[in-house]
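Here's entry_12.cif, which has mmCIF, C-alpha atoms and all ligand atoms:
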```
data_my_file
#
loop_
_atom_site.label_atom_id
_atom_site.label_comp_id
_atom_site.auth_asym_id
_atom_site.auth_seq_id
_atom_site.Cartn_x
_atom_site.Cartn_y
_atom_site.Cartn_z
CA MET A 13 0.00 0.00 0.00
CA ALA A 14 1.34 3.43 -0.95
CA GLY A 15 1.01 6.41 1.37
CA ILE A 16 -1.63 9.08 0.90
CA LEU A 17 -1.11 12.59 -0.44
CA TYR A 18 -3.09 15.12 1.61
CA LEU A 19 -3.62 18.65 0.34
CA VAL A 20 -4.15 20.69 3.47
CA PRO A 21 -5.63 24.21 3.29
CA THR A 22 -4.11 26.71 5.73
CA PRO A 23 -5.47 30.10 6.92
CA ILE A 24 -5.48 33.06 4.49
CA GLY A 25 -5.04 35.48 7.40
CA ASN A 26 -6.82 34.45 10.55
CA LEU A 27 -5.02 31.59 12.31
CA GLU A 28 -8.33 30.37 13.75
CA ASP A 29 -9.39 29.32 10.26
CA ILE A 30 -7.71 25.94 10.36
CA THR A 31 -9.79 22.81 10.78
CA LEU A 32 -9.30 20.19 13.49
CA ARG A 33 -8.81 17.64 10.75
CA ALA A 34 -6.11 19.74 9.08
CA LEU A 35 -4.21 19.92 12.39
CA ARG A 36 -4.49 16.15 12.89
CA VAL A 37 -3.36 15.34 9.34
CA LEU A 38 -0.37 17.67 9.69
CA LYS A 39 0.55 16.17 13.07
CA GLU A 40 0.38 12.64 11.65
CA ALA A 41 2.14 13.27 8.30
CA ASP A 42 5.51 11.62 7.70
CA VAL A 43 6.59 14.65 5.70
CA ILE A 44 5.08 18.09 5.15
CA LEU A 45 5.80 19.75 1.81
CA ALA A 46 5.63 23.53 2.10
CA GLU A 47 5.78 26.29 -0.50
CA ASP A 48 7.92 28.49 1.76
CA THR A 49 9.29 26.60 4.74
CA ARG A 50 10.14 29.84 6.62
CA GLN A 51 6.54 30.96 6.30
CA SER A 52 4.99 27.61 7.21
CA ILE A 53 7.23 27.04 10.19
CA LYS A 54 5.47 29.95 11.95
CA LEU A 55 2.08 28.27 11.49
CA LEU A 56 3.39 24.83 12.47
CA LYS A 57 5.10 26.21 15.59
CA HIS A 58 1.91 27.99 16.58
CA TYR A 59 0.10 24.65 16.55
CA GLU A 60 3.08 22.72 18.03
CA ILE A 61 3.42 20.58 14.93
CA ASP A 62 6.90 19.18 14.59
CA ARG A 63 7.16 17.08 11.43
CA PRO A 64 9.91 17.01 8.78
CA LEU A 65 9.40 20.01 6.49
CA VAL A 66 10.57 20.00 2.86
CA ALA A 67 10.36 22.80 0.28
CA TYR A 68 7.97 22.28 -2.65
CA HIS A 69 7.44 25.38 -4.76
CA MET A 70 7.09 26.55 -8.35
CA HIS A 71 10.88 26.58 -8.83
CA ASN A 72 11.46 22.93 -7.86
CA GLU A 73 8.07 21.26 -8.40
CA HIS A 74 9.00 19.76 -11.79
CA ARG A 75 12.34 18.32 -10.81
CA SER A 76 11.31 17.11 -7.32
CA LEU A 77 8.09 15.43 -8.47
CA GLN A 78 9.52 11.91 -8.77
CA LYS A 79 11.26 12.18 -5.38
CA PHE A 80 7.94 12.84 -3.64
CA VAL A 81 6.06 10.21 -5.63
CA ASP A 82 8.78 7.70 -4.59
CA LEU A 83 8.27 8.77 -0.97
CA LEU A 84 4.55 8.07 -1.27
CA LEU A 85 5.21 4.75 -3.01
CA ALA A 86 7.46 3.91 -0.02
CA GLU A 87 4.31 4.12 2.15
CA LYS A 88 4.98 7.58 3.60
CA ASN A 89 2.01 9.90 4.12
CA VAL A 90 2.73 13.32 2.67
CA ALA A 91 0.88 16.58 3.46
CA LEU A 92 1.17 19.48 1.03
CA ILE A 93 0.58 23.04 2.24
CA SER A 94 1.04 26.40 0.54
CA ASP A 95 1.75 29.80 2.10
CA ALA A 96 -1.99 30.39 2.48
CA GLY A 97 -5.26 28.86 1.38
CA THR A 98 -5.76 25.71 -0.62
CA PRO A 99 -2.77 24.16 -2.42
CA GLY A 100 -3.40 23.90 -6.15
CA ILE A 101 -5.48 27.10 -6.21
CA SER A 102 -3.07 29.62 -7.79
CA ASP A 103 -0.40 27.70 -5.86
CA PRO A 104 1.68 24.56 -6.52
CA GLY A 105 -0.22 21.29 -6.24
CA PHE A 106 -1.66 20.33 -9.60
CA LEU A 107 1.47 18.58 -10.94
CA LEU A 108 1.88 16.46 -7.82
CA VAL A 109 -1.79 15.49 -7.76
CA ARG A 110 -1.66 14.44 -11.42
CA GLU A 111 1.52 12.43 -10.90
CA CYS A 112 0.07 10.70 -7.83
CA LEU A 113 -3.08 9.74 -9.73
CA ARG A 114 -0.94 8.34 -12.57
CA ASN A 115 0.77 6.16 -9.93
CA GLN A 116 -2.51 5.02 -8.32
CA ILE A 117 -1.66 6.96 -5.15
CA ILE A 118 -4.68 8.11 -3.13
CA VAL A 119 -5.10 11.90 -3.06
CA ASN A 120 -7.16 13.63 -0.38
CA CYS A 121 -7.89 17.36 -0.42
CA LEU A 122 -9.25 18.64 2.88
CA PRO A 123 -11.96 21.31 2.66
CA GLY A 124 -10.77 24.61 4.08
CA PRO A 125 -9.72 28.21 3.53
CA THR A 126 -9.39 29.69 0.06
CA ALA A 127 -9.65 33.38 -0.80
CA PHE A 128 -12.02 33.34 -3.75
CA VAL A 129 -15.00 31.69 -2.04
CA PRO A 130 -15.62 34.36 0.65
CA ALA A 131 -14.92 37.11 -1.91
CA LEU A 132 -17.48 35.63 -4.31
CA VAL A 133 -20.13 35.03 -1.67
CA LYS A 134 -19.78 38.54 -0.15
CA SER A 135 -19.81 40.23 -3.57
CA GLY A 136 -23.57 39.80 -3.92
CA LEU A 137 -22.98 38.74 -7.53
CA PRO A 138 -24.45 35.44 -8.77
CA SER A 139 -22.50 32.60 -7.16
CA ASP A 140 -24.35 29.69 -8.77
CA SER A 141 -22.01 29.67 -11.73
CA PHE A 142 -18.69 31.45 -12.06
CA SER A 143 -15.35 31.50 -13.84
CA PHE A 144 -12.29 31.52 -11.58
CA GLU A 145 -9.34 32.98 -13.50
CA GLY A 146 -6.69 33.18 -10.77
CA PHE A 147 -3.99 35.74 -11.68
CA LEU A 148 -4.51 37.13 -15.19
CA PRO A 149 -1.41 36.92 -17.39
CA GLU A 150 0.53 40.17 -17.04
CA LYS A 151 1.44 40.56 -20.73
CA LYS A 152 1.32 37.66 -23.19
CA GLY A 153 -2.23 36.34 -23.56
CA ARG A 154 -3.83 39.11 -21.50
CA HIS A 155 -5.56 40.83 -24.41
CA THR A 156 -6.93 37.53 -25.78
CA LEU A 157 -8.19 36.47 -22.37
CA LEU A 158 -9.83 39.84 -21.57
CA THR A 159 -11.49 39.84 -25.00
CA ALA A 160 -12.93 36.38 -24.30
CA LEU A 161 -13.95 37.35 -20.75
CA ALA A 162 -15.88 40.36 -22.08
CA ALA A 163 -18.49 37.86 -23.39
CA GLU A 164 -18.39 35.61 -20.27
CA GLU A 165 -21.88 35.55 -18.79
CA ARG A 166 -20.89 33.93 -15.51
CA THR A 167 -19.42 35.90 -12.60
CA ILE A 168 -15.64 36.28 -13.08
CA ILE A 169 -13.11 36.01 -10.24
CA VAL A 170 -9.56 37.31 -10.45
CA TYR A 171 -6.64 37.41 -7.98
CA GLU A 172 -4.76 40.72 -8.09
CA SER A 173 -1.90 42.49 -6.37
CA PRO A 174 -2.57 45.94 -4.83
CA HIS A 175 -0.06 47.76 -7.03
CA ARG A 176 -1.74 46.50 -10.22
CA LEU A 177 -5.34 47.02 -9.01
CA LEU A 178 -5.99 50.42 -10.56
CA LYS A 179 -4.36 49.54 -13.88
CA SER A 180 -6.48 46.38 -14.06
CA LEU A 181 -9.68 48.28 -13.28
CA GLN A 182 -8.88 50.75 -16.06
CA GLN A 183 -8.34 47.84 -18.45
CA PHE A 184 -11.60 46.21 -17.33
CA LYS A 185 -13.36 49.46 -18.26
CA THR A 186 -11.87 49.22 -21.75
CA TYR A 187 -12.91 45.59 -22.26
CA PHE A 188 -16.11 45.30 -20.20
CA GLY A 189 -17.39 48.91 -20.09
CA GLY A 190 -17.55 51.17 -17.04
CA ASN A 191 -21.05 50.10 -15.96
CA ARG A 192 -20.38 46.52 -14.94
CA THR A 193 -20.70 45.85 -11.23
CA LEU A 194 -17.55 44.83 -9.47
CA SER A 195 -16.55 43.83 -5.95
CA VAL A 196 -13.06 44.21 -4.52
CA SER A 197 -12.34 42.26 -1.35
CA ARG A 198 -9.05 42.73 0.43
CA GLU A 199 -7.36 41.32 3.50
CA LEU A 200 -10.08 38.69 3.95
CA SER A 201 -10.22 37.30 7.50
CA LYS A 202 -7.63 39.87 8.66
CA ILE A 203 -8.01 43.00 10.84
CA TYR A 204 -8.35 45.39 7.91
CA GLU A 205 -10.71 43.22 5.87
CA GLU A 206 -12.92 45.27 3.59
CA THR A 207 -15.13 44.78 0.56
CA VAL A 208 -15.97 47.65 -1.79
CA ASN A 209 -18.78 47.21 -4.31
CA GLY A 210 -19.74 49.47 -7.21
CA THR A 211 -19.50 49.91 -10.95
CA ILE A 212 -16.08 49.77 -12.59
CA ASP A 213 -16.24 53.55 -13.07
CA GLU A 214 -17.07 54.11 -9.38
CA LEU A 215 -14.29 51.84 -8.18
CA ILE A 216 -11.72 53.52 -10.42
CA VAL A 217 -12.61 56.81 -8.69
CA HIS A 218 -12.59 55.14 -5.25
CA PHE A 219 -9.19 53.46 -5.60
CA THR A 220 -7.63 56.53 -7.27
CA GLN A 221 -8.54 58.55 -4.17
CA LYS A 222 -7.72 55.75 -1.75
CA PRO A 223 -4.86 53.48 -2.87
CA VAL A 224 -4.83 50.15 -1.05
CA LYS A 225 -2.38 47.62 0.29
CA GLY A 226 -2.82 43.95 1.07
CA GLU A 227 -4.12 40.92 -0.73
CA ILE A 228 -6.98 41.34 -3.17
CA VAL A 229 -9.71 39.37 -4.93
CA ILE A 230 -11.76 41.03 -7.67
CA VAL A 231 -15.21 39.70 -8.51
CA ILE A 232 -16.75 40.96 -11.75
CA GLU A 233 -20.35 40.77 -12.90
CA GLY A 234 -20.77 38.57 -15.98
CA ALA A 235 -21.79 39.96 -19.36
CA PRO A 236 -25.52 40.56 -19.89
CA LYS A 237 -27.20 37.40 -21.18
CA LEU A 238 -27.84 37.60 -24.93
CA SER A 239 -30.97 36.42 -26.70
CA LYS A 240 -30.53 33.77 -29.43
CA LYS A 241 -30.92 36.48 -32.06
CA GLU A 242 -28.27 38.67 -30.41
CA MET A 243 -25.91 35.69 -30.15
CA LYS A 244 -26.30 34.97 -33.87
CA GLU A 245 -25.60 38.62 -34.66
CA ARG A 246 -22.53 38.62 -32.43
CA ASP A 247 -21.17 35.40 -34.00
CA LEU A 248 -21.74 36.83 -37.47
CA ALA A 249 -19.98 40.07 -36.53
CA GLN A 250 -17.04 38.05 -35.14
CA LYS A 251 -16.83 35.99 -38.36
CA ILE A 252 -16.77 39.14 -40.47
CA ALA A 253 -14.13 40.73 -38.25
N1 LIG A 301 -4.00 29.24 -2.51
C1 LIG A 301 -4.60 30.51 -2.25
C2 LIG A 301 -6.13 30.32 -2.17
O1 LIG A 301 -6.58 29.18 -1.94
O2 LIG A 301 -6.85 31.29 -2.28
C3 LIG A 301 -4.21 31.55 -3.26
C4 LIG A 301 -2.74 31.79 -3.31
S1 LIG A 301 -2.28 33.06 -4.42
C5 LIG A 301 -0.54 32.81 -4.51
C6 LIG A 301 -2.35 34.51 -3.43
C7 LIG A 301 -3.48 35.44 -3.85
O3 LIG A 301 -4.70 35.00 -3.26
C8 LIG A 301 -3.30 36.86 -3.36
O4 LIG A 301 -2.49 37.61 -4.24
C9 LIG A 301 -4.73 37.36 -3.36
O5 LIG A 301 -5.15 37.69 -4.66
C10 LIG A 301 -5.48 36.11 -2.88
N2 LIG A 301 -5.56 36.12 -1.41
C11 LIG A 301 -4.92 35.31 -0.55
N3 LIG A 301 -5.24 35.63 0.72
C12 LIG A 301 -6.11 36.65 0.66
C13 LIG A 301 -6.81 37.42 1.62
N4 LIG A 301 -6.67 37.21 2.93
N5 LIG A 301 -7.64 38.41 1.19
C14 LIG A 301 -7.81 38.64 -0.13
N6 LIG A 301 -7.16 37.95 -1.08
C15 LIG A 301 -6.33 36.97 -0.70
#
```
Could you show the structure in this file as structure tokens?
Ligand code: SAM
Amino acid sequence: MAGILYLVPTPIGNLEDITLRALRVLKEADVILAEDTRQSIKLLKHYEIDRPLVAYHMHNEHRSLQKFVDLLLAEKNVALISDAGTPGISDPGFLLVRECLRNQIIVNCLPGPTAFVPALVKSGLPSDSFSFEGFLPEKKGRHTLLTALAAEERTIIVYESPHRLLKSLQQFKTYFGGNRTLSVSRELSKIYEETVNGTIDELIVHFTQKPVKGEIVIVIEGAPKLSKKEMKERDLAQKIA
């Protein structure tokens, strides 16, 4: 029997947001893989978890993959954590999960903190169907993606850094128009948590007057739903273009 790979979500700000199960799995793991060991050691110390800690991040995930698969095949239970939130969500995790599944290794992902869910739910925008985009590409592919997203009818969720927020909002105005409703949540679960809702135009004014720091999730209203006739006209216009 091989070991089990556990993906363990960790708090995105508030240390109380860790589950009892997450603590038990971490305490029982043979090895904990962490995105930034210096960062994770603070969390593990806080909860008196003393297990071997090994770095697993975007710079070594390709070359260290086989080493960790071999560890699991040698019946060791491995827990993967990232700096914050759920591993595999805009964080390393996907490659290891895929490799484990190829090797018939059991993969368990514990439910737990992730930034986009509270941001989506507090936005007041439809949460029944949405498109999570993570970080938008900074240059290559950005125009193509924003053009496609302009027609996306589901709610759109984007991770953003504070210093790029205003520039992104100005670009959203270009692609989506200034009237779309938008919600910016920052510092979720932390002392200075805040959510600002408004149209793109309103939020450009708001964040020009009041630049922000901290971690940010942007939730954008989807495009207005088109009738069949309008869809045909749009497709025709795209073909001609
Ligand atoms: N794995 C994480 C998750 O499950 O959400 C995401 C990691 S990604 C590298 C970091 C980004 O997530 C930040 O730049 C920000 O966009 C978002 N984020 C993380 N913590 C946040 C928080 N407390 N408040 C708002 N956004 C947050």
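Shortest separation to ligand LIG 301 (chain A) among A:Ser180, A:Ser94, A:Asn89, A:Thr211 occurs at residue A:Ser94, atoms counted being all atoms listed in the file.
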* Structure fact -> Counting all atoms listed in the file, closest pick from A:Thr220, A:Ile93, A:Val229, A:Lys152 relative to A:Val129 is A:Val229
* To do: Choose the residue, out of A:Gln182, A:Asn115, A:Ser52, A:Thr31, that has the smallest atom-to-atom separation from A:Asp82; count all atoms listed in the file.
  => A:Asn115
Edge lengths and centre, in Å to one decimal, as JSON: that's what I need for the box along x, y and z that holds all listed atoms of stretch 230-233 of chain A plus 6 Å on each side.
```
{"center_x": -16.1, "center_y": 40.4, "center_z": -10.3, "size_x": 20.6, "size_y": 13.3, "size_z": 17.2}
```
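Excluding A:Arg198 itself and same-chain residues fewer than 4 positions from it, the residues having an atom within 7 Å of it are Glu205, Glu206, Thr207, Gly226, Glu227, Ile228 and Val229 of chain A, counting all atoms listed in the file.
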* To do: Compile the contact shell of A:Gly97 as a PyMOL selection string: residues with an atom at most 7 Å away, counting all atoms listed in the file, same-chain residues fewer than 5 positions apart removed.
  => chain A and resi 21-24+125-127
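Minimum distance to ligand LIG 301 (chain A) across A:Gly15, A:Pro64, A:Gly210, A:Pro99 (counting all atoms listed in the file) occurs at A:Pro99.
Computed from the coordinates, the atom CA of A:Ala34 to atom CA of A:Val231 distance equals 28.1 Å.
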* To do: Would you mind telling me which residue in A:Gly136, A:Pro174, A:Pro223, A:Pro236 lies nearest to ligand LIG 301 (chain A) when using all atoms listed in the file?
  => A:Pro174
* Shell around stretch 158-161 of chain A at 9 Å using all atoms listed in the file, local window under 4 positions removed, as a PyMOL selection string -> chain A and resi 148+153-154+165+168+183-184+187-188+234-235
* **Nearest to ligand LIG 301 (chain A) by atom-to-atom distance, counting all atoms listed in the file, from A:Leu27, A:Leu55, A:Leu84, A:Leu108** => A:Leu27
* Shell of 10 Å around A:Phe80, only C-alpha atoms, local chain residues under 6 positions omitted, as an NGL selection string -> :A and (17 or 43 or 45 or 68 or 73 or 86 or 88 or 90 or 108 or 111-112)
* Within 12 Å of A:Leu215 using all atoms listed in the file, minus same-chain residues under 4 positions, as a list in words -> Leu177, Leu178, Lys179, Ser180, Leu181, Gln182, Phe184, Lys185, Gly190, Asn191, Arg192, Thr193, Leu194, Ser195, Val196, Ser197, Thr207, Val208, Asn209, Gly210, Thr211, Phe219, Thr220, Gln221, Lys222, Pro223, Val224, Ile230 and Ile232 of chain A
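From atom CA of A:Leu113 back to atom CA of A:Leu77, the distance works out to 12.6 Å.
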* Suppose you want the space between atom CA of A:Leu92 and atom CA of A:Val109; what is it in Å? -> 10.1 Å
